[in-house]
file final.cif (mmCIF, C-alpha atoms)
data_my_file
#
loop_
_atom_site.label_atom_id
_atom_site.label_comp_id
_atom_site.auth_asym_id
_atom_site.auth_seq_id
_atom_site.Cartn_x
_atom_site.Cartn_y
_atom_site.Cartn_z
CA MET O 1 191.45 168.76 119.67
CA ILE O 2 188.14 170.38 120.55
CA ARG O 3 186.75 166.99 121.48
CA ARG O 4 189.68 166.32 123.77
CA PHE O 5 189.23 169.72 125.32
CA ILE O 6 185.59 168.94 126.01
CA SER O 7 186.52 165.57 127.51
CA VAL O 8 188.99 167.30 129.80
CA LEU O 9 186.32 169.82 130.67
CA VAL O 10 183.84 167.08 131.53
CA MET O 11 186.46 165.18 133.54
CA ALA O 12 187.37 168.34 135.39
CA ALA O 13 183.74 169.00 136.08
CA LEU O 14 183.43 165.50 137.53
CA LEU O 15 186.16 166.26 140.07
CA VAL O 16 184.33 169.15 141.69
CA THR O 17 182.49 168.46 144.90
CA PRO O 18 179.17 166.66 144.62
CA SER O 19 177.07 169.63 145.64
CA TYR O 20 178.55 171.72 142.83
CA ALA O 21 178.44 168.75 140.44
CA GLU O 22 174.72 168.38 140.88
CA GLU O 23 174.20 171.92 139.72
CA LEU O 24 176.85 171.95 137.01
CA LEU O 25 176.53 168.63 135.26
CA PRO O 26 173.74 167.49 133.01
CA ASP O 27 171.42 164.91 134.50
CA ILE O 28 172.21 161.90 132.34
CA PRO O 29 169.16 159.68 131.94
CA LYS O 30 169.45 156.02 132.97
CA ALA O 31 169.44 153.43 130.20
CA THR O 32 167.79 150.04 130.20
CA GLY O 33 169.64 146.86 129.24
CA GLU O 34 173.07 145.53 130.18
CA PRO O 35 175.66 148.12 131.19
CA HIS O 36 178.61 148.63 128.85
CA PRO O 37 181.43 146.24 129.82
CA GLU O 38 183.99 148.93 128.97
CA GLY O 39 182.38 151.28 131.46
CA ASN O 40 180.41 154.46 131.01
CA GLU O 41 183.45 156.74 131.07
CA TYR O 42 184.98 154.89 128.14
CA TRP O 43 181.79 155.23 126.11
CA ARG O 44 181.26 158.85 127.01
CA ILE O 45 184.66 159.68 125.58
CA ASN O 46 184.88 157.26 122.66
CA HIS O 47 181.35 156.94 121.28
CA PRO O 48 181.97 159.23 118.28
CA THR O 49 185.02 157.22 117.17
CA LEU O 50 183.26 153.89 117.63
CA LEU O 51 180.13 154.97 115.79
CA ARG O 52 182.08 156.49 112.92
CA HIS O 53 184.13 153.35 112.47
CA ASP O 54 181.21 150.96 112.61
CA ARG O 55 178.98 152.97 110.29
CA ASP O 56 181.48 152.30 107.48
CA LEU O 57 181.51 148.60 108.27
CA THR O 58 177.74 148.52 107.99
CA VAL O 59 177.24 150.73 104.95
CA ILE O 60 180.15 149.48 102.86
CA ASP O 61 180.74 145.91 104.00
CA GLY O 62 177.21 145.04 105.06
CA ILE O 63 178.29 143.98 108.56
CA ARG O 64 175.28 144.75 110.68
CA ASP O 65 176.25 142.85 113.81
CA VAL O 66 178.58 145.60 115.02
CA ASN O 67 179.49 146.57 118.54
CA ALA O 68 178.39 150.15 118.22
CA SER O 69 175.26 150.69 116.22
CA LEU O 70 173.14 153.79 116.57
CA ALA O 71 169.96 151.71 116.61
CA GLN O 72 171.25 149.86 119.69
CA CYS O 73 172.07 153.14 121.43
CA VAL O 74 168.55 154.36 120.74
CA ALA O 75 166.94 151.11 121.87
CA CYS O 76 168.51 151.16 125.35
CA HIS O 77 168.93 154.86 126.01
CA ALA O 78 165.50 156.08 124.86
CA VAL O 79 163.99 158.53 127.34
CA LYS O 80 160.30 158.36 127.95
CA GLY O 81 158.25 161.52 127.90
CA PRO O 82 155.21 162.39 130.02
CA ASP O 83 152.98 160.27 127.76
CA SER O 84 155.39 157.36 128.47
CA ALA O 85 156.32 157.17 124.78
CA PRO O 86 160.01 157.68 123.91
CA VAL O 87 160.84 161.29 123.11
CA THR O 88 162.40 162.19 119.76
CA TYR O 89 165.55 164.18 119.10
CA GLU O 90 163.34 167.28 118.98
CA SER O 91 163.05 167.16 122.75
CA PRO O 92 165.81 168.65 124.97
CA GLU O 93 165.30 165.60 127.22
CA TYR O 94 166.62 163.31 124.46
CA PHE O 95 169.55 161.27 125.76
CA CYS O 96 172.07 162.64 123.25
CA ARG O 97 170.93 166.19 123.68
CA VAL O 98 171.23 166.19 127.46
CA CYS O 99 175.03 166.21 127.15
CA HIS O 100 175.39 167.64 123.66
CA ASP O 101 173.35 170.74 124.47
CA PHE O 102 175.37 171.12 127.67
CA ALA O 103 178.67 170.92 125.78
CA ALA O 104 177.29 172.87 122.79
CA VAL O 105 178.32 170.17 120.35
CA GLN O 106 175.90 169.82 117.50
CA ILE O 107 175.22 166.40 115.98
CA ASN O 108 173.30 165.64 112.82
CA CYS O 109 172.84 161.87 113.13
CA PHE O 110 169.10 162.22 113.54
CA GLU O 111 168.57 164.24 110.39
CA CYS O 112 168.63 160.84 108.71
CA HIS O 113 168.47 158.23 111.48
CA LYS O 114 165.34 157.42 113.39
CA SER O 115 165.66 158.79 116.90
CA VAL O 116 163.16 156.52 118.63
CA PRO O 117 163.19 152.71 118.86
CA ASP O 118 161.16 150.69 116.38
CA GLY O 119 157.57 150.22 117.40
CA ALA O 120 157.84 153.40 119.48
CA GLU O 121 154.20 154.13 118.76
CA LEU O 122 153.38 151.32 121.17
CA THR O 123 156.34 151.26 123.53
CA GLY O 124 154.49 153.45 125.98
CA LEU O 125 152.39 150.43 126.81
CA LEU O 126 155.26 148.09 127.66
CA PRO O 127 158.62 148.33 129.40
CA LEU O 128 161.64 147.94 127.11
CA SER O 129 162.40 144.53 128.63
CA ARG O 130 159.18 143.21 127.10
CA GLN O 131 159.81 144.55 123.62
CA ASP O 132 159.54 141.10 122.04
CA GLU O 133 155.84 141.17 122.77
CA MET O 134 155.57 144.20 120.51
CA ALA O 135 155.49 142.10 117.35
CA THR O 136 152.61 140.04 118.70
CA LEU O 137 150.69 143.16 119.64
CA GLN O 138 151.39 144.79 116.30
CA ALA O 139 150.24 141.68 114.44
CA TYR O 140 147.04 141.65 116.50
CA ILE O 141 146.35 145.29 115.71
CA ASP O 142 147.15 144.84 112.01
CA GLY O 143 144.83 141.84 111.91
CA ALA O 144 142.03 143.75 113.57
CA GLY O 145 142.40 146.60 111.07
CA GLN O 146 141.68 144.36 108.10
CA MET D 1 203.02 154.14 128.68
CA THR D 2 199.39 155.02 128.93
CA MET D 3 197.54 155.37 125.73
CA PRO D 4 195.47 158.48 125.02
CA ALA D 5 191.79 157.74 125.19
CA SER D 6 191.17 158.34 121.53
CA GLU D 7 193.81 155.82 120.44
CA LYS D 8 192.51 153.25 122.86
CA GLY D 9 189.15 153.64 121.16
CA ALA D 10 190.69 153.11 117.77
CA GLU D 11 192.40 149.96 119.01
CA ILE D 12 189.22 148.42 120.30
CA SER D 13 187.30 149.12 117.16
CA ARG D 14 190.18 147.80 115.07
CA ARG D 15 190.13 144.59 117.05
CA ASP D 16 186.41 144.35 116.47
CA PHE D 17 187.06 144.85 112.81
CA LEU D 18 189.60 142.04 112.68
CA LYS D 19 187.26 139.86 114.68
CA SER D 20 184.70 140.37 111.95
CA GLY D 21 186.90 138.28 109.66
CA ALA D 22 188.00 140.81 107.10
CA ALA D 23 191.54 140.34 105.87
CA LEU D 24 193.74 143.32 106.53
CA ALA D 25 197.13 143.80 104.99
CA SER D 26 199.29 146.73 105.94
CA VAL D 27 202.63 147.91 104.67
CA THR D 28 204.63 150.58 106.43
CA LEU D 29 206.00 152.87 103.74
CA ALA D 30 207.75 155.31 106.05
CA PRO D 31 207.49 156.07 109.76
CA GLY D 32 203.95 157.20 110.32
CA VAL D 33 202.82 156.35 106.79
CA THR D 34 201.00 153.06 106.50
CA LEU D 35 199.44 151.57 103.43
CA MET D 36 196.45 149.50 104.36
CA ALA D 37 194.61 147.16 102.05
CA PHE D 38 191.27 145.62 102.85
CA GLY D 39 190.61 142.55 100.87
CA GLY D 40 189.62 138.93 100.83
CA ASN D 41 186.27 137.69 101.97
CA ALA D 42 184.56 140.57 103.69
CA SER D 43 182.93 138.77 106.57
CA ALA D 44 180.78 135.90 107.68
CA ASP D 45 177.97 138.16 108.81
CA GLY D 46 178.53 140.79 106.11
CA LEU D 47 177.91 140.64 102.42
CA LYS D 48 178.11 137.42 100.43
CA PRO D 49 181.46 137.39 98.63
CA GLY D 50 181.28 136.94 94.86
CA ALA D 51 177.54 137.50 94.72
CA ARG D 52 175.80 139.66 92.13
CA TRP D 53 172.32 140.39 93.36
CA GLY D 54 169.79 141.11 90.71
CA LEU D 55 166.17 141.07 89.65
CA LEU D 56 164.38 139.47 86.75
CA ILE D 57 161.12 141.13 85.81
CA ASP D 58 158.62 139.57 83.43
CA ALA D 59 156.67 142.46 81.87
CA ALA D 60 154.11 140.04 80.42
CA LYS D 61 153.01 139.11 83.94
CA CYS D 62 152.92 142.70 85.21
CA PRO D 63 149.39 144.19 84.91
CA SER D 64 149.17 147.91 84.20
CA ASP D 65 146.76 148.53 87.07
CA CYS D 66 148.96 146.94 89.75
CA SER D 67 151.49 148.91 91.74
CA ALA D 68 151.99 146.57 94.69
CA CYS D 69 155.77 146.71 94.32
CA VAL D 70 155.77 150.50 94.55
CA SER D 71 153.60 150.60 97.69
CA ALA D 72 155.62 147.80 99.28
CA CYS D 73 158.87 149.68 98.67
CA SER D 74 157.39 152.86 100.05
CA ALA D 75 156.17 151.08 103.18
CA GLU D 76 159.39 149.15 103.72
CA GLN D 77 161.77 152.04 103.23
CA GLY D 78 159.60 154.84 104.56
CA TRP D 79 159.49 157.18 101.57
CA GLU D 80 156.35 158.82 100.37
CA ASN D 81 155.42 160.13 96.95
CA ASN D 82 152.46 162.47 96.79
CA GLY D 83 152.84 163.26 93.13
CA LEU D 84 155.05 166.34 93.43
CA ASP D 85 158.00 166.55 91.07
CA THR D 86 160.29 166.85 94.06
CA ASP D 87 158.93 163.78 95.88
CA PRO D 88 161.18 160.73 96.12
CA GLN D 89 160.57 157.80 93.82
CA TRP D 90 162.69 154.73 94.46
CA ILE D 91 160.60 152.58 92.12
CA ARG D 92 157.86 153.48 89.67
CA LYS D 93 155.58 151.86 87.15
CA VAL D 94 156.42 152.79 83.56
CA THR D 95 154.21 152.17 80.54
CA LEU D 96 155.94 151.45 77.24
CA ARG D 97 154.01 151.76 74.00
CA ASP D 98 155.07 150.46 70.63
CA LYS D 99 154.14 153.32 68.29
CA LYS D 100 153.68 151.05 65.28
CA THR D 101 151.57 148.30 66.77
CA GLY D 102 150.06 150.09 69.75
CA ARG D 103 151.10 147.26 72.09
CA GLU D 104 151.45 148.52 75.65
CA ASN D 105 153.67 147.16 78.35
CA SER D 106 153.74 148.02 82.01
CA LEU D 107 156.80 147.41 84.13
CA PRO D 108 158.46 148.61 87.32
CA VAL D 109 161.70 150.56 86.95
CA MET D 110 164.11 151.15 89.81
CA CYS D 111 167.88 151.45 90.21
CA GLN D 112 169.23 148.91 87.76
CA HIS D 113 172.33 148.22 89.87
CA CYS D 114 174.77 148.58 86.98
CA ASP D 115 178.05 146.74 86.97
CA GLU D 116 179.60 149.94 85.63
CA PRO D 117 177.45 152.59 87.32
CA PRO D 118 177.71 156.11 85.85
CA CYS D 119 176.53 157.50 89.20
CA VAL D 120 179.65 156.11 90.84
CA ASP D 121 181.88 157.54 88.10
CA VAL D 122 180.62 161.07 88.59
CA CYS D 123 180.34 161.21 92.39
CA PRO D 124 182.88 163.76 93.67
CA THR D 125 183.01 162.35 97.21
CA GLY D 126 182.77 158.62 96.62
CA ALA D 127 179.40 158.55 98.38
CA SER D 128 177.81 156.81 95.41
CA PHE D 129 179.44 153.42 95.44
CA LYS D 130 178.99 149.81 94.42
CA ARG D 131 179.13 147.20 97.13
CA GLU D 132 181.17 144.10 96.49
CA ASP D 133 177.99 142.13 95.86
CA GLY D 134 176.92 144.50 93.08
CA ILE D 135 174.43 146.66 94.97
CA VAL D 136 174.77 150.34 94.08
CA LEU D 137 174.22 152.54 97.12
CA VAL D 138 174.52 156.10 98.40
CA ASN D 139 176.59 156.50 101.53
CA ARG D 140 174.67 159.37 103.06
CA HIS D 141 177.47 160.01 105.54
CA THR D 142 179.57 161.36 102.67
CA CYS D 143 176.88 162.51 100.22
CA ILE D 144 176.98 166.29 99.79
CA GLY D 145 173.78 166.47 97.78
CA CYS D 146 175.35 167.75 94.55
CA ARG D 147 173.03 165.52 92.47
CA TYR D 148 175.61 164.72 89.80
CA CYS D 149 174.54 161.08 90.12
CA MET D 150 170.95 162.00 89.31
CA MET D 151 172.16 163.66 86.13
CA ALA D 152 174.35 160.70 85.21
CA CYS D 153 171.75 157.99 85.76
CA PRO D 154 170.17 156.91 82.46
CA PHE D 155 167.18 155.46 84.32
CA LYS D 156 166.20 158.46 86.47
CA ALA D 157 166.48 156.09 89.39
CA ARG D 158 167.63 158.52 92.05
CA SER D 159 165.80 161.19 94.01
CA PHE D 160 166.93 164.09 96.10
CA VAL D 161 165.43 164.67 99.53
CA HIS D 162 164.28 168.28 99.54
CA GLU D 163 162.43 168.47 102.83
CA PRO D 164 163.38 167.52 106.40
CA VAL D 165 162.37 163.94 107.11
CA THR D 166 161.00 162.68 110.40
CA ASN D 167 159.97 159.24 111.57
CA GLN D 168 162.21 157.32 109.21
CA LYS D 169 162.54 153.55 109.36
CA THR D 170 165.38 152.34 111.56
CA ILE D 171 166.55 150.08 108.74
CA SER D 172 166.47 152.88 106.20
CA PRO D 173 167.92 156.18 107.37
CA ARG D 174 167.20 159.04 104.96
CA GLY D 175 167.37 162.77 105.30
CA MET D 176 167.30 166.17 103.71
CA GLY D 177 170.16 167.20 101.45
CA THR D 178 171.14 163.73 100.32
CA VAL D 179 170.38 161.61 97.28
CA GLU D 180 168.65 158.27 97.57
CA GLY D 181 167.44 155.42 95.43
CA CYS D 182 166.59 151.72 95.42
CA ASN D 183 169.03 149.88 97.68
CA LEU D 184 167.76 146.45 96.66
CA CYS D 185 166.53 146.06 100.25
CA VAL D 186 170.10 145.76 101.40
CA HIS D 187 169.01 145.33 105.03
CA LYS D 188 166.99 142.28 104.05
CA ILE D 189 169.87 140.84 102.04
CA ASP D 190 172.28 141.33 104.94
CA ARG D 191 169.73 139.72 107.24
CA GLY D 192 169.56 136.73 104.89
CA ASP D 193 165.91 137.12 103.87
CA GLY D 194 166.88 136.34 100.27
CA THR D 195 164.22 138.60 98.83
CA THR D 196 163.20 142.24 98.51
CA ALA D 197 160.03 144.07 99.54
CA CYS D 198 158.93 144.55 95.91
CA VAL D 199 159.43 140.89 95.02
CA GLU D 200 157.60 139.77 98.16
CA ALA D 201 154.67 142.05 97.31
CA CYS D 202 154.59 140.90 93.69
CA THR D 203 154.54 137.26 94.77
CA ALA D 204 151.82 138.01 97.32
CA THR D 205 149.54 139.43 94.60
CA GLY D 206 149.98 136.18 92.68
CA HIS D 207 151.41 137.85 89.57
CA ASN D 208 154.89 136.44 90.15
CA ALA D 209 156.37 138.95 87.72
CA MET D 210 159.51 139.60 89.77
CA MET D 211 162.32 137.33 90.84
CA PHE D 212 165.26 138.14 93.09
CA GLY D 213 168.51 136.24 93.38
CA ASP D 214 172.23 135.90 92.88
CA LEU D 215 173.06 136.12 89.17
CA ASN D 216 176.53 134.73 89.84
CA ASP D 217 175.29 131.58 91.56
CA PRO D 218 174.56 129.03 88.78
CA GLU D 219 172.29 127.09 91.17
CA SER D 220 170.01 130.05 91.87
CA GLU D 221 166.55 130.29 90.36
CA ILE D 222 167.30 133.63 88.73
CA ALA D 223 170.56 132.43 87.12
CA LYS D 224 168.77 129.38 85.71
CA ALA D 225 165.96 131.56 84.40
CA VAL D 226 168.24 134.03 82.62
CA SER D 227 170.28 131.22 81.12
CA THR D 228 167.15 129.45 79.82
CA TYR D 229 164.82 132.22 78.69
CA ALA D 230 165.42 135.38 76.69
CA SER D 231 165.79 138.49 78.81
CA GLN D 232 167.14 141.93 78.12
CA GLU D 233 168.55 145.01 79.81
CA LEU D 234 167.10 148.46 79.49
CA ARG D 235 169.35 150.63 77.34
CA ALA D 236 171.63 147.70 76.58
CA ASP D 237 173.38 150.02 74.09
CA LEU D 238 175.07 151.77 77.02
CA GLY D 239 176.93 148.60 77.95
CA LEU D 240 176.47 149.07 81.69
CA ASN D 241 175.77 145.39 82.43
CA LEU D 242 172.69 145.82 84.59
CA GLY D 243 171.70 143.75 87.58
CA VAL D 244 168.02 144.12 86.71
CA ARG D 245 166.84 142.26 83.62
CA TYR D 246 163.45 142.25 81.87
CA GLN D 247 161.51 139.70 79.88
CA ASN D 248 158.85 140.30 77.24
CA ILE D 249 159.36 144.02 76.67
#
call {"tool": "encode", "arguments": {"input": "final.cif", "output": "structure tokens"}}
result
Amino acid sequence: MIRRFISVLVMAALLVTPSYAEELLPDIPKATGEPHPEGNEYWRINHPTLLRHDRDLTVIDGIRDVNASLAQCVACHAVKGPDSAPVTYESPEYFCRVCHDFAAVQINCFECHKSVPDGAELTGLLPLSRQDEMATLQAYIDGAGQ
Amino acid sequence: MTMPASEKGAEISRRDFLKSGAALASVTLAPGVTLMAFGGNASADGLKPGARWGLLIDAAKCPSDCSACVSACSAEQGWENNGLDTDPQWIRKVTLRDKKTGRENSLPVMCQHCDEPPCVDVCPTGASFKREDGIVLVNRHTCIGCRYCMMACPFKARSFVHEPVTNQKTISPRGMGTVEGCNLCVHKIDRGDGTTACVEACTATGHNAMMFGDLNDPESEIAKAVSTYASQELRADLGLNLGVRYQNI
């Protein structure tokens, strides 16, 4: 019920004139990667349901190739900080927090889940589209350390 | 009729679920009351149906000064043990000593992945559960941190996370207020690696004391080994039918 109320609130907020909207609405950071085929509105409203459903598929049935996995969200939506490394959930700039702080809805996903993409220690050096080169770089660094 | 947004979401995810290949049977008992049964082969990309993953550990090949399996587990899963009583310990080296003869044995002990796990019996929320392929796991989404499972486990295989955790591994989420333990590298199994971090590390050291495989598959190396050579369970008297078996202890 509360969630629906918030959705209505967000929708209502979207209808106000652009000049007001700019001041009222959170500035949602742009993601990399392909846009969601269902559309952003659909995901903004339904992401909790989708994530909750798919987490059970993964944990209980071992199906890891799911449509909505938190790791995928993090990989595309990661926001880069001033040092061009992805910011963690600690930062108010974090993509979940931008809206969740605005709507005052607390989430605890990142008490357990990693909030930055894998290899984030190095991602500052490369754009997300060239992430596959990370493994090569990492291997080079590991090799040099030995 | 337009569908409310939340139901539309449920429909899409349900379709995804069916697409994943799991058989779903539902019986309508009364209007609004539906009995749903999930059964059959779970999925092509999910767990292997009918499998029973296990380990075979040869204590004779495990030197007392080696702890490669422990470090490998720690690195793979992202836990750290600095020697405090409250630090997590998914796997540890244990030394057994025969009091009469003085013979000492060193072996790694982790979650034994019981067929009849006491931790599952005692869990009040169903968070401690056994996957269909025999892996005993904690579903941290439902774990309330009561630690009954830690009390019930005869092998002291589970730990409680006391402190906030940061910089976890993506493949191994873990956090304060929940119980954790060896998950038999479930992410690697689901990926089809066919091994675990500890076994990989043991093989890399050249000791070859650990073997991983499907105990239910008669063609697998581990099934052949246990059917040929003597092996035993820890605390076999408890009749838990463990997935981890030991040789030469």
call {"tool": "closest_atom_pairs", "arguments": {"input": "final.cif", "of": "chain O", "to": "chain D", "cutoff": "6 Å", "atoms": "all atoms listed in the file", "output": "Markdown table"}}
result
| residue | atom | partner | partner_atom | distance |
| --- | --- | --- | --- | --- |
| O:Asn46 | CA | D:Gly9 | CA | 5.8 |
| O:Asp61 | CA | D:Gly46 | CA | 6.0 |
| O:Gly62 | CA | D:Gly46 | CA | 4.6 |
| O:Ile63 | CA | D:Gly46 | CA | 4.0 |
| O:Glu111 | CA | D:Gly175 | CA | 5.4 |
| O:Cys112 | CA | D:Gly175 | CA | 4.1 |
| O:His113 | CA | D:Pro173 | CA | 4.6 |
| O:Lys114 | CA | D:Gln168 | CA | 5.2 |
call {"tool": "closest_residue", "arguments": {"input": "final.cif", "among": "D:Asp65, D:Asp193, D:Asp87, D:Glu80", "to": "Phe160 of chain D", "atoms": "all atoms listed in the file"}}
result
D:Asp87
call {"tool": "residues_around", "arguments": {"input": "final.cif", "residues": "Phe155 of chain D", "least_positions_apart": "6", "cutoff": "12 Å", "atoms": "only C-alpha atoms", "output": "PyMOL selection string"}}
result
chain D and resi 89-92+94+108-114+117-119+149+181-182+233-236+238+240+242+244
call {"tool": "atom_distance", "arguments": {"input": "final.cif", "atom1": "atom CA of Asp27 of chain O", "atom2": "atom CA of Gly119 of chain O"}}
result
26.5 Å
call {"tool": "atom_distance", "arguments": {"input": "final.cif", "atom1": "atom CA of Pro92 of chain O", "atom2": "atom CA of His47 of chain O"}}
result
19.8 Å
call {"tool": "atom_distance", "arguments": {"input": "final.cif", "atom1": "atom CA of Ile222 of chain D", "atom2": "atom CA of Asn105 of chain D"}}
result
21.8 Å
call {"tool": "residues_around", "arguments": {"input": "final.cif", "residues": "Asp214 of chain D", "least_positions_apart": "5", "cutoff": "6 Å", "atoms": "only C-alpha atoms", "output": "list of chain:residue names"}}
result
D:Ala51, D:Arg52, D:Trp53
call {"tool": "residues_around", "arguments": {"input": "final.cif", "residues": "segment 245-247 of chain D", "least_positions_apart": "4", "cutoff": "10 Å", "atoms": "all atoms listed in the file", "output": "ChimeraX atom specification"}}
result
/D:54-61,107-109,112,209-211,226,229-234,241
call {"tool": "residues_around", "arguments": {"input": "final.cif", "residues": "Met150 of chain D", "least_positions_apart": "3", "cutoff": "9 Å", "atoms": "only C-alpha atoms", "output": "ChimeraX atom specification"}}
result
/D:119,146-147,153-154,156-160,179
call {"tool": "closest_residue", "arguments": {"input": "final.cif", "among": "D:Ile135, D:Ala127, D:Leu84, D:Cys198", "to": "Ser71 of chain D", "atoms": "all atoms listed in the file"}}
result
D:Cys198
call {"tool": "resolve_selection", "arguments": {"input": "final.cif", "expression": "the PyMOL selection byres ((chain O and resi 81) around 12)", "output": "list in words"}}
result
Pro29, Ala78, Val79, Lys80, Pro82, Asp83, Ser84, Ala85, Pro86, Val87, Thr88, Tyr89, Glu90, Ser91, Pro92, Glu93, Tyr94, Phe95, Val116, Ala120, Thr123 and Gly124 of chain O
